[in-house]
$ cat structure-v2.pdb   # PDB, C-alpha atoms
ATOM      1  CA  MET A 850      81.790 -11.862-163.140
ATOM      2  CA  GLN A 851      81.236 -13.706-159.905
ATOM      3  CA  ALA A 852      80.859 -17.474-159.750
ATOM      4  CA  PHE A 853      80.400 -19.727-156.739
ATOM      5  CA  TYR A 854      81.583 -23.301-156.218
ATOM      6  CA  ALA A 855      81.393 -26.117-153.679
ATOM      7  CA  ASP A 856      83.168 -28.901-155.580
ATOM      8  CA  HIS A 857      85.649 -29.510-152.748
ATOM      9  CA  PHE A 858      82.727 -30.788-150.660
ATOM     10  CA  VAL A 859      82.666 -34.139-152.398
ATOM     11  CA  LEU A 860      79.731 -36.467-152.011
ATOM     12  CA  PRO A 861      80.959 -39.968-151.136
ATOM     13  CA  LEU A 862      79.319 -42.193-153.759
ATOM     14  CA  PRO A 863      79.651 -45.920-154.471
ATOM     15  CA  GLU A 864      81.862 -46.866-157.398
ATOM     16  CA  GLY A 865      79.996 -46.873-160.707
ATOM     17  CA  HIS A 866      77.376 -44.334-159.548
ATOM     18  CA  ARG A 867      76.117 -42.439-162.606
ATOM     19  CA  PHE A 868      76.175 -38.965-161.044
ATOM     20  CA  PRO A 869      79.181 -37.120-162.597
ATOM     21  CA  MET A 870      80.701 -35.722-159.392
ATOM     22  CA  ALA A 871      84.108 -35.105-161.019
ATOM     23  CA  LYS A 872      82.799 -32.577-163.541
ATOM     24  CA  TYR A 873      82.366 -29.759-161.003
ATOM     25  CA  ALA A 874      86.024 -29.496-160.033
ATOM     26  CA  LEU A 875      87.040 -29.908-163.672
ATOM     27  CA  LEU A 876      84.707 -27.106-164.735
ATOM     28  CA  ARG A 877      86.153 -24.749-162.131
ATOM     29  CA  GLN A 878      89.679 -25.679-163.215
ATOM     30  CA  ARG A 879      88.938 -24.979-166.902
ATOM     31  CA  LEU A 880      87.162 -21.709-166.148
ATOM     32  CA  THR A 881      90.086 -20.534-164.021
ATOM     33  CA  GLN A 882      92.496 -21.382-166.841
ATOM     34  CA  GLN A 883      90.462 -19.934-169.715
ATOM     35  CA  MET A 884      88.377 -17.021-168.356
ATOM     36  CA  SER A 885      90.301 -14.790-165.983
ATOM     37  CA  ALA A 886      87.412 -12.300-165.762
ATOM     38  CA  ILE A 887      85.448 -14.838-163.694
ATOM     39  CA  GLN A 888      86.057 -14.428-159.963
ATOM     40  CA  MET A 889      85.636 -17.684-158.043
ATOM     41  CA  HIS A 890      84.193 -17.727-154.519
ATOM     42  CA  GLU A 891      83.512 -20.643-152.212
ATOM     43  CA  ALA A 892      79.760 -21.128-151.790
ATOM     44  CA  LEU A 893      78.468 -20.566-148.275
ATOM     45  CA  ALA A 894      75.930 -22.979-146.833
ATOM     46  CA  ALA A 895      72.287 -21.925-146.947
ATOM     47  CA  SER A 896      70.877 -21.430-143.457
ATOM     48  CA  GLU A 897      67.925 -23.323-142.012
ATOM     49  CA  ASP A 898      65.995 -20.048-142.079
ATOM     50  CA  GLU A 899      66.629 -19.686-145.824
ATOM     51  CA  LEU A 900      65.792 -23.342-146.524
ATOM     52  CA  SER A 901      62.562 -22.987-144.530
ATOM     53  CA  LEU A 902      61.247 -20.486-147.083
ATOM     54  CA  VAL A 903      60.544 -23.560-149.235
ATOM     55  CA  HIS A 904      61.128 -26.749-147.246
ATOM     56  CA  THR A 905      59.324 -28.242-144.252
ATOM     57  CA  PRO A 906      61.070 -28.274-140.850
ATOM     58  CA  ARG A 907      60.865 -32.072-140.693
ATOM     59  CA  TYR A 908      62.580 -32.517-144.042
ATOM     60  CA  ILE A 909      65.314 -29.966-143.301
ATOM     61  CA  GLN A 910      66.073 -31.738-140.029
ATOM     62  CA  ALA A 911      66.024 -35.157-141.697
ATOM     63  CA  VAL A 912      68.663 -34.018-144.204
ATOM     64  CA  THR A 913      70.898 -32.073-141.844
ATOM     65  CA  GLN A 914      70.691 -34.529-138.921
ATOM     66  CA  GLY A 915      70.727 -37.809-140.835
ATOM     67  CA  GLY A 916      67.086 -38.786-140.416
ATOM     68  CA  LEU A 917      66.224 -39.628-144.036
ATOM     69  CA  SER A 918      64.555 -43.006-144.427
ATOM     70  CA  PRO A 919      65.986 -45.592-146.854
ATOM     71  CA  THR A 920      63.034 -44.858-149.177
ATOM     72  CA  GLU A 921      63.772 -41.129-149.124
ATOM     73  CA  GLN A 922      67.445 -41.764-149.844
ATOM     74  CA  ARG A 923      66.558 -44.016-152.783
ATOM     75  CA  GLU A 924      64.261 -41.350-154.244
ATOM     76  CA  ILE A 925      67.018 -38.755-153.955
ATOM     77  CA  GLY A 926      69.543 -41.160-155.475
ATOM     78  CA  PHE A 927      72.275 -40.491-152.901
ATOM     79  CA  PRO A 928      73.057 -42.323-149.663
ATOM     80  CA  TRP A 929      72.938 -39.980-146.678
ATOM     81  CA  SER A 930      76.217 -38.773-145.199
ATOM     82  CA  ALA A 931      77.382 -35.627-143.444
ATOM     83  CA  GLY A 932      79.117 -34.723-146.709
ATOM     84  CA  MET A 933      75.871 -35.121-148.635
ATOM     85  CA  ALA A 934      74.063 -32.756-146.234
ATOM     86  CA  GLU A 935      76.881 -30.182-146.354
ATOM     87  CA  ARG A 936      77.059 -30.230-150.126
ATOM     88  CA  ALA A 937      73.261 -29.891-150.413
ATOM     89  CA  CYS A 938      73.292 -26.773-148.220
ATOM     90  CA  ARG A 939      76.214 -25.250-150.132
ATOM     91  CA  SER A 940      74.632 -26.014-153.496
ATOM     92  CA  VAL A 941      71.661 -23.886-152.423
ATOM     93  CA  GLY A 942      74.008 -21.295-150.922
ATOM     94  CA  GLY A 943      75.886 -20.905-154.208
ATOM     95  CA  THR A 944      72.662 -20.153-156.053
ATOM     96  CA  LEU A 945      71.631 -17.683-153.352
ATOM     97  CA  GLN A 946      74.958 -15.862-153.667
ATOM     98  CA  ALA A 947      74.778 -15.843-157.469
ATOM     99  CA  ALA A 948      71.217 -14.501-157.431
ATOM    100  CA  ARG A 949      72.196 -11.790-154.938
ATOM    101  CA  ALA A 950      75.264 -10.799-156.975
ATOM    102  CA  ALA A 951      73.239 -10.603-160.193
ATOM    103  CA  LEU A 952      70.223  -8.804-158.738
ATOM    104  CA  PHE A 953      72.018  -6.188-156.677
ATOM    105  CA  GLY A 954      74.404  -4.789-159.267
ATOM    106  CA  GLY A 955      76.341  -7.475-161.111
ATOM    107  CA  GLY A 956      73.833  -8.171-163.877
ATOM    108  CA  VAL A 957      74.912 -11.789-164.182
ATOM    109  CA  ALA A 958      76.505 -14.327-161.844
ATOM    110  CA  ALA A 959      76.686 -18.101-161.685
ATOM    111  CA  ASN A 960      76.701 -21.168-159.482
ATOM    112  CA  LEU A 961      78.978 -23.899-160.823
ATOM    113  CA  ALA A 962      76.568 -26.430-159.329
ATOM    114  CA  GLY A 963      72.912 -25.982-158.405
ATOM    115  CA  GLU A 964      69.768 -26.764-160.410
ATOM    116  CA  THR A 965      68.260 -29.093-157.842
ATOM    117  CA  HIS A 966      64.841 -28.579-159.399
ATOM    118  CA  HIS A 967      63.334 -32.004-158.634
ATOM    119  CA  ALA A 968      63.222 -31.328-154.876
ATOM    120  CA  TYR A 969      59.801 -30.728-153.289
ATOM    121  CA  PRO A 970      59.030 -28.980-149.983
ATOM    122  CA  ASP A 971      59.010 -32.277-148.065
ATOM    123  CA  LYS A 972      61.230 -34.602-150.112
ATOM    124  CA  GLY A 973      64.100 -34.849-152.551
ATOM    125  CA  SER A 974      64.191 -36.618-155.904
ATOM    126  CA  GLY A 975      66.419 -37.278-158.906
ATOM    127  CA  PHE A 976      69.797 -36.297-157.352
ATOM    128  CA  CYS A 977      68.174 -33.161-155.843
ATOM    129  CA  VAL A 978      68.075 -32.659-152.064
ATOM    130  CA  PHE A 979      66.934 -29.046-151.550
ATOM    131  CA  ASN A 980      65.466 -26.898-154.345
ATOM    132  CA  ASP A 981      68.113 -24.221-154.840
ATOM    133  CA  VAL A 982      66.283 -22.059-157.394
ATOM    134  CA  ALA A 983      63.076 -22.073-155.348
ATOM    135  CA  VAL A 984      64.925 -21.005-152.197
ATOM    136  CA  ALA A 985      66.802 -18.332-154.190
ATOM    137  CA  ALA A 986      63.563 -16.955-155.655
ATOM    138  CA  ARG A 987      61.951 -16.701-152.215
ATOM    139  CA  GLN A 988      65.020 -15.229-150.507
ATOM    140  CA  MET A 989      65.615 -12.642-153.242
ATOM    141  CA  GLN A 990      61.980 -11.573-152.956
ATOM    142  CA  ARG A 991      62.503 -11.110-149.213
ATOM    143  CA  GLU A 992      65.751  -9.146-149.634
ATOM    144  CA  TRP A 993      64.294  -7.017-152.439
ATOM    145  CA  SER A 994      61.298  -6.111-150.305
ATOM    146  CA  ASN A 995      63.507  -5.307-147.286
ATOM    147  CA  GLN A 996      65.769  -3.049-149.341
ATOM    148  CA  ARG A 997      62.870  -1.133-150.845
ATOM    149  CA  HIS A 998      61.314  -0.657-147.399
ATOM    150  CA  ARG A 999      64.613   0.741-146.103
ATOM    151  CA  HIS A1000      64.631   3.289-148.918
ATOM    152  CA  HIS A1001      60.925   4.142-148.401
ATOM    153  CA  ILE A1002      60.006   2.810-151.826
ATOM    154  CA  ASP A1003      56.725   1.029-152.449
ATOM    155  CA  ALA A1004      57.719  -2.583-151.782
ATOM    156  CA  ASN A1005      56.102  -4.379-154.685
ATOM    157  CA  GLY A1006      57.132  -8.020-154.827
ATOM    158  CA  LEU A1007      60.091  -9.024-156.983
ATOM    159  CA  GLN A1008      58.958 -10.828-160.131
ATOM    160  CA  VAL A1009      61.164 -13.881-160.781
ATOM    161  CA  ALA A1010      61.255 -16.064-163.908
ATOM    162  CA  ILE A1011      62.747 -19.555-163.731
ATOM    163  CA  VAL A1012      63.935 -20.450-167.226
ATOM    164  CA  ASP A1013      64.593 -24.168-166.959
ATOM    165  CA  LEU A1014      66.444 -25.605-169.965
ATOM    166  CA  ASP A1015      67.579 -28.794-168.312
ATOM    167  CA  VAL A1016      66.337 -31.744-170.356
ATOM    168  CA  HIS A1017      64.262 -32.971-167.393
ATOM    169  CA  GLN A1018      61.195 -31.058-166.278
ATOM    170  CA  GLY A1019      61.665 -28.936-163.154
ATOM    171  CA  ASP A1020      58.763 -30.672-161.454
ATOM    172  CA  GLY A1021      59.675 -29.587-157.930
ATOM    173  CA  SER A1022      59.875 -25.920-158.925
ATOM    174  CA  ALA A1023      56.603 -26.155-160.876
ATOM    175  CA  TYR A1024      54.871 -27.670-157.836
ATOM    176  CA  ILE A1025      56.283 -25.126-155.367
ATOM    177  CA  PHE A1026      55.214 -22.110-157.446
ATOM    178  CA  GLY A1027      52.028 -23.602-158.894
ATOM    179  CA  ASP A1028      49.778 -20.956-157.325
ATOM    180  CA  ASP A1029      52.279 -18.099-157.091
ATOM    181  CA  PRO A1030      51.795 -15.276-159.636
ATOM    182  CA  SER A1031      55.111 -13.648-158.620
ATOM    183  CA  VAL A1032      57.211 -16.535-160.024
ATOM    184  CA  PHE A1033      56.924 -17.703-163.641
ATOM    185  CA  THR A1034      58.182 -21.220-164.387
ATOM    186  CA  LEU A1035      59.220 -22.027-167.969
ATOM    187  CA  SER A1036      60.409 -25.560-168.700
ATOM    188  CA  LEU A1037      61.669 -26.984-171.997
ATOM    189  CA  HIS A1038      62.112 -30.733-171.527
ATOM    190  CA  GLY A1039      61.980 -34.196-173.008
ATOM    191  CA  ALA A1040      58.402 -35.455-173.140
ATOM    192  CA  LYS A1041      59.382 -39.048-172.357
ATOM    193  CA  ASN A1042      62.222 -38.309-169.953
ATOM    194  CA  PHE A1043      62.357 -38.189-166.154
ATOM    195  CA  PRO A1044      60.215 -37.464-164.180
ATOM    196  CA  VAL A1045      57.511 -39.844-165.320
ATOM    197  CA  ARG A1046      54.842 -37.792-163.564
ATOM    198  CA  LYS A1047      55.143 -34.180-164.669
ATOM    199  CA  GLN A1048      53.815 -31.124-162.829
ATOM    200  CA  HIS A1049      52.249 -28.022-164.413
ATOM    201  CA  SER A1050      54.679 -25.163-165.016
ATOM    202  CA  ASP A1051      53.410 -21.776-166.194
ATOM    203  CA  CYS A1052      54.839 -22.771-169.577
ATOM    204  CA  ASP A1053      55.715 -26.381-170.379
ATOM    205  CA  ILE A1054      57.114 -27.272-173.785
ATOM    206  CA  GLU A1055      57.610 -31.000-174.279
ATOM    207  CA  LEU A1056      60.148 -32.186-176.838
ATOM    208  CA  PRO A1057      60.233 -35.521-178.697
ATOM    209  CA  ASP A1058      63.189 -37.874-178.455
ATOM    210  CA  GLY A1059      65.818 -37.003-181.062
ATOM    211  CA  CYS A1060      64.809 -33.316-181.213
ATOM    212  CA  LYS A1061      67.375 -31.411-183.303
ATOM    213  CA  ASP A1062      68.632 -27.812-183.290
ATOM    214  CA  ALA A1063      65.962 -26.103-185.402
ATOM    215  CA  ALA A1064      63.009 -27.607-183.541
ATOM    216  CA  TYR A1065      64.662 -27.020-180.168
ATOM    217  CA  LEU A1066      65.423 -23.364-180.856
ATOM    218  CA  GLN A1067      61.941 -22.799-182.271
ATOM    219  CA  ALA A1068      60.466 -24.271-179.082
ATOM    220  CA  LEU A1069      62.639 -21.933-177.015
ATOM    221  CA  GLU A1070      61.404 -18.944-179.038
ATOM    222  CA  GLN A1071      57.845 -20.078-178.347
ATOM    223  CA  GLY A1072      58.558 -20.311-174.614
ATOM    224  CA  LEU A1073      60.204 -16.895-174.441
ATOM    225  CA  ASP A1074      57.313 -15.391-176.416
ATOM    226  CA  GLN A1075      54.846 -16.780-173.881
ATOM    227  CA  LEU A1076      56.987 -15.466-171.023
ATOM    228  CA  GLU A1077      56.962 -12.034-172.724
ATOM    229  CA  ARG A1078      53.173 -12.036-173.070
ATOM    230  CA  GLN A1079      52.373 -13.159-169.543
ATOM    231  CA  PHE A1080      55.078 -11.837-167.240
ATOM    232  CA  LYS A1081      57.582  -9.035-166.654
ATOM    233  CA  PRO A1082      60.538 -10.559-164.810
ATOM    234  CA  GLU A1083      62.937  -8.507-162.702
ATOM    235  CA  LEU A1084      65.270 -11.475-162.153
ATOM    236  CA  ILE A1085      65.862 -14.601-164.237
ATOM    237  CA  LEU A1086      67.109 -17.821-162.695
ATOM    238  CA  TYR A1087      68.533 -19.678-165.690
ATOM    239  CA  LEU A1088      69.021 -23.446-165.489
ATOM    240  CA  ALA A1089      71.553 -23.984-168.276
ATOM    241  CA  GLY A1090      71.467 -27.758-168.567
ATOM    242  CA  ALA A1091      74.063 -29.395-170.818
ATOM    243  CA  ASP A1092      71.914 -32.513-171.107
ATOM    244  CA  PRO A1093      69.885 -31.579-174.232
ATOM    245  CA  HIS A1094      73.197 -32.078-176.083
ATOM    246  CA  GLU A1095      73.401 -34.988-178.515
ATOM    247  CA  GLY A1096      76.318 -36.497-176.575
ATOM    248  CA  ASP A1097      74.399 -36.813-173.307
ATOM    249  CA  ARG A1098      73.633 -40.359-172.156
ATOM    250  CA  LEU A1099      70.454 -39.368-170.270
ATOM    251  CA  GLY A1100      69.155 -36.542-172.479
ATOM    252  CA  ARG A1101      67.656 -38.402-175.478
ATOM    253  CA  LEU A1102      67.689 -35.208-177.567
ATOM    254  CA  ALA A1103      70.028 -34.386-180.467
ATOM    255  CA  VAL A1104      71.013 -30.742-180.056
ATOM    256  CA  THR A1105      74.508 -29.999-181.390
ATOM    257  CA  GLU A1106      77.198 -27.945-179.684
ATOM    258  CA  ALA A1107      76.340 -25.026-181.990
ATOM    259  CA  GLY A1108      72.656 -25.431-181.121
ATOM    260  CA  MET A1109      73.425 -25.348-177.406
ATOM    261  CA  GLN A1110      75.442 -22.154-177.818
ATOM    262  CA  ALA A1111      72.629 -20.580-179.868
ATOM    263  CA  ARG A1112      70.222 -21.504-177.053
ATOM    264  CA  ASP A1113      72.347 -19.684-174.467
ATOM    265  CA  GLN A1114      72.672 -16.662-176.735
ATOM    266  CA  LYS A1115      68.891 -16.501-177.172
ATOM    267  CA  VAL A1116      68.283 -16.539-173.418
ATOM    268  CA  PHE A1117      70.911 -13.929-172.604
ATOM    269  CA  GLU A1118      69.944 -11.708-175.538
ATOM    270  CA  TRP A1119      66.293 -11.823-174.457
ATOM    271  CA  ALA A1120      67.345 -10.815-170.947
ATOM    272  CA  TRP A1121      69.730  -8.125-172.197
ATOM    273  CA  GLN A1122      67.106  -6.428-174.364
ATOM    274  CA  ARG A1123      64.942  -6.072-171.260
ATOM    275  CA  ARG A1124      67.856  -5.357-168.870
ATOM    276  CA  VAL A1125      66.916  -8.272-166.628
ATOM    277  CA  PRO A1126      69.665  -9.645-164.332
ATOM    278  CA  VAL A1127      70.430 -13.355-164.746
ATOM    279  CA  ALA A1128      71.658 -15.822-162.130
ATOM    280  CA  MET A1129      72.787 -18.971-163.904
ATOM    281  CA  VAL A1130      73.163 -22.493-162.533
ATOM    282  CA  MET A1131      74.844 -25.292-164.422
ATOM    283  CA  ALA A1132      72.122 -27.909-164.231
ATOM    284  CA  GLY A1133      72.413 -31.413-165.668
ATOM    285  CA  GLY A1134      75.082 -32.840-167.909
ATOM    286  CA  TYR A1135      75.783 -36.557-168.194
ATOM    287  CA  GLY A1136      77.921 -36.812-171.295
ATOM    288  CA  ARG A1137      79.147 -40.205-172.416
ATOM    289  CA  ASP A1138      82.457 -38.379-172.474
ATOM    290  CA  ILE A1139      82.825 -35.852-169.637
ATOM    291  CA  GLU A1140      84.866 -33.617-171.945
ATOM    292  CA  THR A1141      81.766 -33.153-174.107
ATOM    293  CA  THR A1142      79.761 -31.874-171.140
ATOM    294  CA  LEU A1143      82.587 -29.579-170.086
ATOM    295  CA  LYS A1144      82.844 -28.101-173.581
ATOM    296  CA  VAL A1145      79.112 -27.308-173.658
ATOM    297  CA  GLN A1146      79.247 -25.706-170.222
ATOM    298  CA  LEU A1147      82.371 -23.676-171.012
ATOM    299  CA  ASN A1148      80.558 -22.293-174.061
ATOM    300  CA  THR A1149      77.671 -21.302-171.788
ATOM    301  CA  TYR A1150      80.096 -19.367-169.593
ATOM    302  CA  ARG A1151      81.560 -17.575-172.606
ATOM    303  CA  VAL A1152      78.087 -16.359-173.569
ATOM    304  CA  ALA A1153      77.345 -15.353-169.959
ATOM    305  CA  LEU A1154      80.631 -13.473-169.718
ATOM    306  CA  ASP A1155      79.779 -11.441-172.816
ATOM    307  CA  TYR A1156      76.442 -10.527-171.215
ATOM    308  CA  TRP A1157      78.192  -9.553-167.967
ATOM    309  CA  GLN A1158      80.611  -7.306-169.880
ATOM    310  CA  ARG A1159      77.664  -5.519-171.486
ATOM    311  CA  TRP A1160      76.210  -4.906-168.028
ATOM    312  CA  GLN A1161      79.507  -3.439-166.813
ATOM    313  CA  ALA A1162      79.441  -0.958-169.685
ATOM    314  CA  LEU A1163      76.221   0.480-168.242
ATOM    315  CA  TYR A1164      78.002   1.669-165.105
TER     316      TYR A1164
END
$ encode --input "structure-v2.pdb" --output "structure tokens"
Amino acid sequence: MQAFYADHFVLPLPEGHRFPMAKYALLRQRLTQQMSAIQMHEALAASEDELSLVHTPRYIQAVTQGGLSPTEQREIGFPWSAGMAERACRSVGGTLQAARAALFGGGVAANLAGETHHAYPDKGSGFCVFNDVAVAARQMQREWSNQRHRHHIDANGLQVAIVDLDVHQGDGSAYIFGDDPSVFTLSLHGAKNFPVRKQHSDCDIELPDGCKDAAYLQALEQGLDQLERQFKPELILYLAGADPHEGDRLGRLAVTEAGMQARDQKVFEWAWQRRVPVAMVMAGGYGRDIETTLKVQLNTYRVALDYWQRWQALY
């Protein structure tokens, strides 16, 4: 199974900043030690052409050339630096590579970072600079169409589902695809959590503070049922946030480790039954103890690896 990383492009942050930059390198280290079937690749930077499928030229230039205003930097939550711009482009690039690997033969692949779902076409927000899943959806649709044209097949558009199980609503993704019938956005998120102003996904399920396993998993079933009724995805972009976990300091939910693993199993089993490729991104995780977040995310990779092995048995 292929996985892509950019943790060696470290964002220079002030001491005490709440973004858990250290977890990405630790996750790669643990995966390398514990799951030898995962092949690690350095994420390439997304190109300006790829970013422009979603983002405005002015905003792309402001990020890459250092033209973000102080207000824009505050909304993103990161001070601008060349390292910040490089990491933002590689975070998108890792999701692009994972989506490509999953869609064109691998069945499942992952980005160890990604899930920058609060970014809008013309601005960033909530630790998100460029919207990686939105760019990946658009670019995979372009590559899918090009491949089918080359093989003289009717080039119907690729149908992409974004299954967003980060605890915060994917407001940027919902906004970007608000009028696009080829992309279905499903978001399971805390009703009272960030962002304050929500957008309209194709399926929004809001959860109360303190939501436990049974209610969370029932809500996920409801969301997948609605996805089944309304859409037939050919690629799933899965945002596997660790922040619904009870040990997360920003999540406000109370899902146990077993509940988180059951969530991942439900998503991958749903995809497997329909033979839909899955590109997974790690999404949020702000555990009071970083080891808690790592444990949840390692469990997610174990479930994904089982799904990947089932795909390999098909060939």
$ resolve_selection --input "structure-v2.pdb" --expression "the PyMOL selection byres ((chain A and resi 1045-1055) around 9)" --output "MDAnalysis selection string"
chainID A and resid 1018:1024 1026:1027 1032:1044 1056:1057 1068:1069 1071:1072 1075:1076
$ closest_residue --input "structure-v2.pdb" --among "A:Met1129, A:Ala1111, A:Gln1067, A:Gly1096" --to "Leu1084 in chain A" --atoms "all atoms listed in the file"
A:Met1129
$ residues_around --input "structure-v2.pdb" --residues "Gly1133 in chain A" --least-positions-apart "2" --cutoff "9 Å" --atoms "all atoms listed in the file" --output "number ranges by chain"
A: 964, 1015-1017, 1088-1093, 1131, 1135
$ closest_residue --input "structure-v2.pdb" --among "A:Asp1155, A:Glu897, A:Glu891, A:Asp1013" --to "Gln1114 in chain A" --atoms "all atoms listed in the file"
A:Asp1155
$ resolve_selection --input "structure-v2.pdb" --expression "the PyMOL selection byres ((chain A and resi 976-992) around 6)" --output "JSON, numbers by chain"
{"A": [903, 925, 926, 941, 945, 965, 966, 967, 968, 973, 974, 975, 993, 994, 995, 1007]}
$ resolve_selection --input "structure-v2.pdb" --expression "the PyMOL selection byres ((chain A and resi 883) around 12)" --output "PyMOL selection string"
chain A and resi 876-882+884-887+1144+1147-1148+1150-1151+1154
$ closest_residue --input "structure-v2.pdb" --among "A:Glu935, A:Asp1113, A:Glu1095, A:Asp1029" --to "Ala895 in chain A" --atoms "only C-alpha atoms"
A:Glu935
$ residues_around --input "structure-v2.pdb" --residues "Ile909 in chain A" --least-positions-apart "4" --cutoff "8 Å" --atoms "all atoms listed in the file" --output "MDAnalysis selection string"
chainID A and resid 897 900:901 904:905 913
$ write_last_selection --input "structure-v2.pdb" --atoms "C-alpha atoms" --output "PDB file, in the frame of the given file"
ATOM      1  CA  GLU A 897      67.925 -23.323-142.012  1.00  0.00           C
ATOM      2  CA  LEU A 900      65.792 -23.342-146.524  1.00  0.00           C
ATOM      3  CA  SER A 901      62.562 -22.987-144.530  1.00  0.00           C
ATOM      4  CA  HIS A 904      61.128 -26.749-147.246  1.00  0.00           C
ATOM      5  CA  THR A 905      59.324 -28.242-144.252  1.00  0.00           C
ATOM      6  CA  THR A 913      70.898 -32.073-141.844  1.00  0.00           C
TER       7      THR A 913
END
$ atom_distance --input "structure-v2.pdb" --atom1 "CA of Gly915 in chain A" --atom2 "CA of Ala934 in chain A"
8.1 Å
$ residues_near_point --input "structure-v2.pdb" --point "(69.8, -12.2, -164.6)" --cutoff "6 Å" --atoms "all atoms listed in the file" --output "list of chain:residue names"
A:Ala951, A:Gly956, A:Val957, A:Leu1084, A:Ile1085, A:Val1125, A:Pro1126, A:Val1127, A:Ala1128
$ build_atoms --input "structure-v2.pdb" --residues "range 931-936 of chain A" --atoms "all heavy atoms" --output "mmCIF file, in the frame of the given file"
data_model
loop_
_atom_site.group_PDB
_atom_site.id
_atom_site.type_symbol
_atom_site.label_atom_id
_atom_site.label_comp_id
_atom_site.auth_asym_id
_atom_site.auth_seq_id
_atom_site.Cartn_x
_atom_site.Cartn_y
_atom_site.Cartn_z
ATOM 1 N N ALA A 931 77.181 -37.020 -143.842
ATOM 2 C CA ALA A 931 77.382 -35.627 -143.444
ATOM 3 C C ALA A 931 77.844 -34.803 -144.640
ATOM 4 O O ALA A 931 77.453 -33.636 -144.803
ATOM 5 C CB ALA A 931 78.397 -35.551 -142.308
ATOM 6 N N GLY A 932 78.655 -35.415 -145.508
ATOM 7 C CA GLY A 932 79.117 -34.723 -146.709
ATOM 8 C C GLY A 932 77.980 -34.417 -147.662
ATOM 9 O O GLY A 932 77.966 -33.359 -148.306
ATOM 10 N N MET A 933 77.038 -35.345 -147.775
ATOM 11 C CA MET A 933 75.871 -35.121 -148.635
ATOM 12 C C MET A 933 75.065 -33.933 -148.132
ATOM 13 O O MET A 933 74.660 -33.048 -148.905
ATOM 14 C CB MET A 933 75.001 -36.381 -148.667
ATOM 15 C CG MET A 933 73.713 -36.229 -149.464
ATOM 16 S SD MET A 933 72.302 -35.771 -148.425
ATOM 17 C CE MET A 933 71.060 -36.851 -149.085
ATOM 18 N N ALA A 934 74.835 -33.856 -146.811
ATOM 19 C CA ALA A 934 74.063 -32.756 -146.234
ATOM 20 C C ALA A 934 74.790 -31.425 -146.422
ATOM 21 O O ALA A 934 74.177 -30.414 -146.782
ATOM 22 C CB ALA A 934 73.805 -33.018 -144.752
ATOM 23 N N GLU A 935 76.102 -31.416 -146.200
ATOM 24 C CA GLU A 935 76.881 -30.182 -146.354
ATOM 25 C C GLU A 935 76.861 -29.695 -147.792
ATOM 26 O O GLU A 935 76.664 -28.509 -148.067
ATOM 27 C CB GLU A 935 78.324 -30.429 -145.901
ATOM 28 C CG GLU A 935 79.233 -29.212 -145.973
ATOM 29 C CD GLU A 935 78.920 -28.162 -144.926
ATOM 30 O OE1 GLU A 935 78.278 -28.488 -143.906
ATOM 31 O OE2 GLU A 935 79.314 -26.995 -145.115
ATOM 32 N N ARG A 936 77.050 -30.619 -148.721
ATOM 33 C CA ARG A 936 77.059 -30.230 -150.126
ATOM 34 C C ARG A 936 75.684 -29.705 -150.549
ATOM 35 O O ARG A 936 75.587 -28.744 -151.317
ATOM 36 C CB ARG A 936 77.470 -31.409 -151.006
ATOM 37 C CG ARG A 936 77.578 -31.015 -152.477
ATOM 38 C CD ARG A 936 78.037 -32.161 -153.352
ATOM 39 N NE ARG A 936 77.972 -31.763 -154.747
ATOM 40 C CZ ARG A 936 78.921 -31.098 -155.390
ATOM 41 N NH1 ARG A 936 80.017 -30.751 -154.749
ATOM 42 N NH2 ARG A 936 78.773 -30.765 -156.657
#
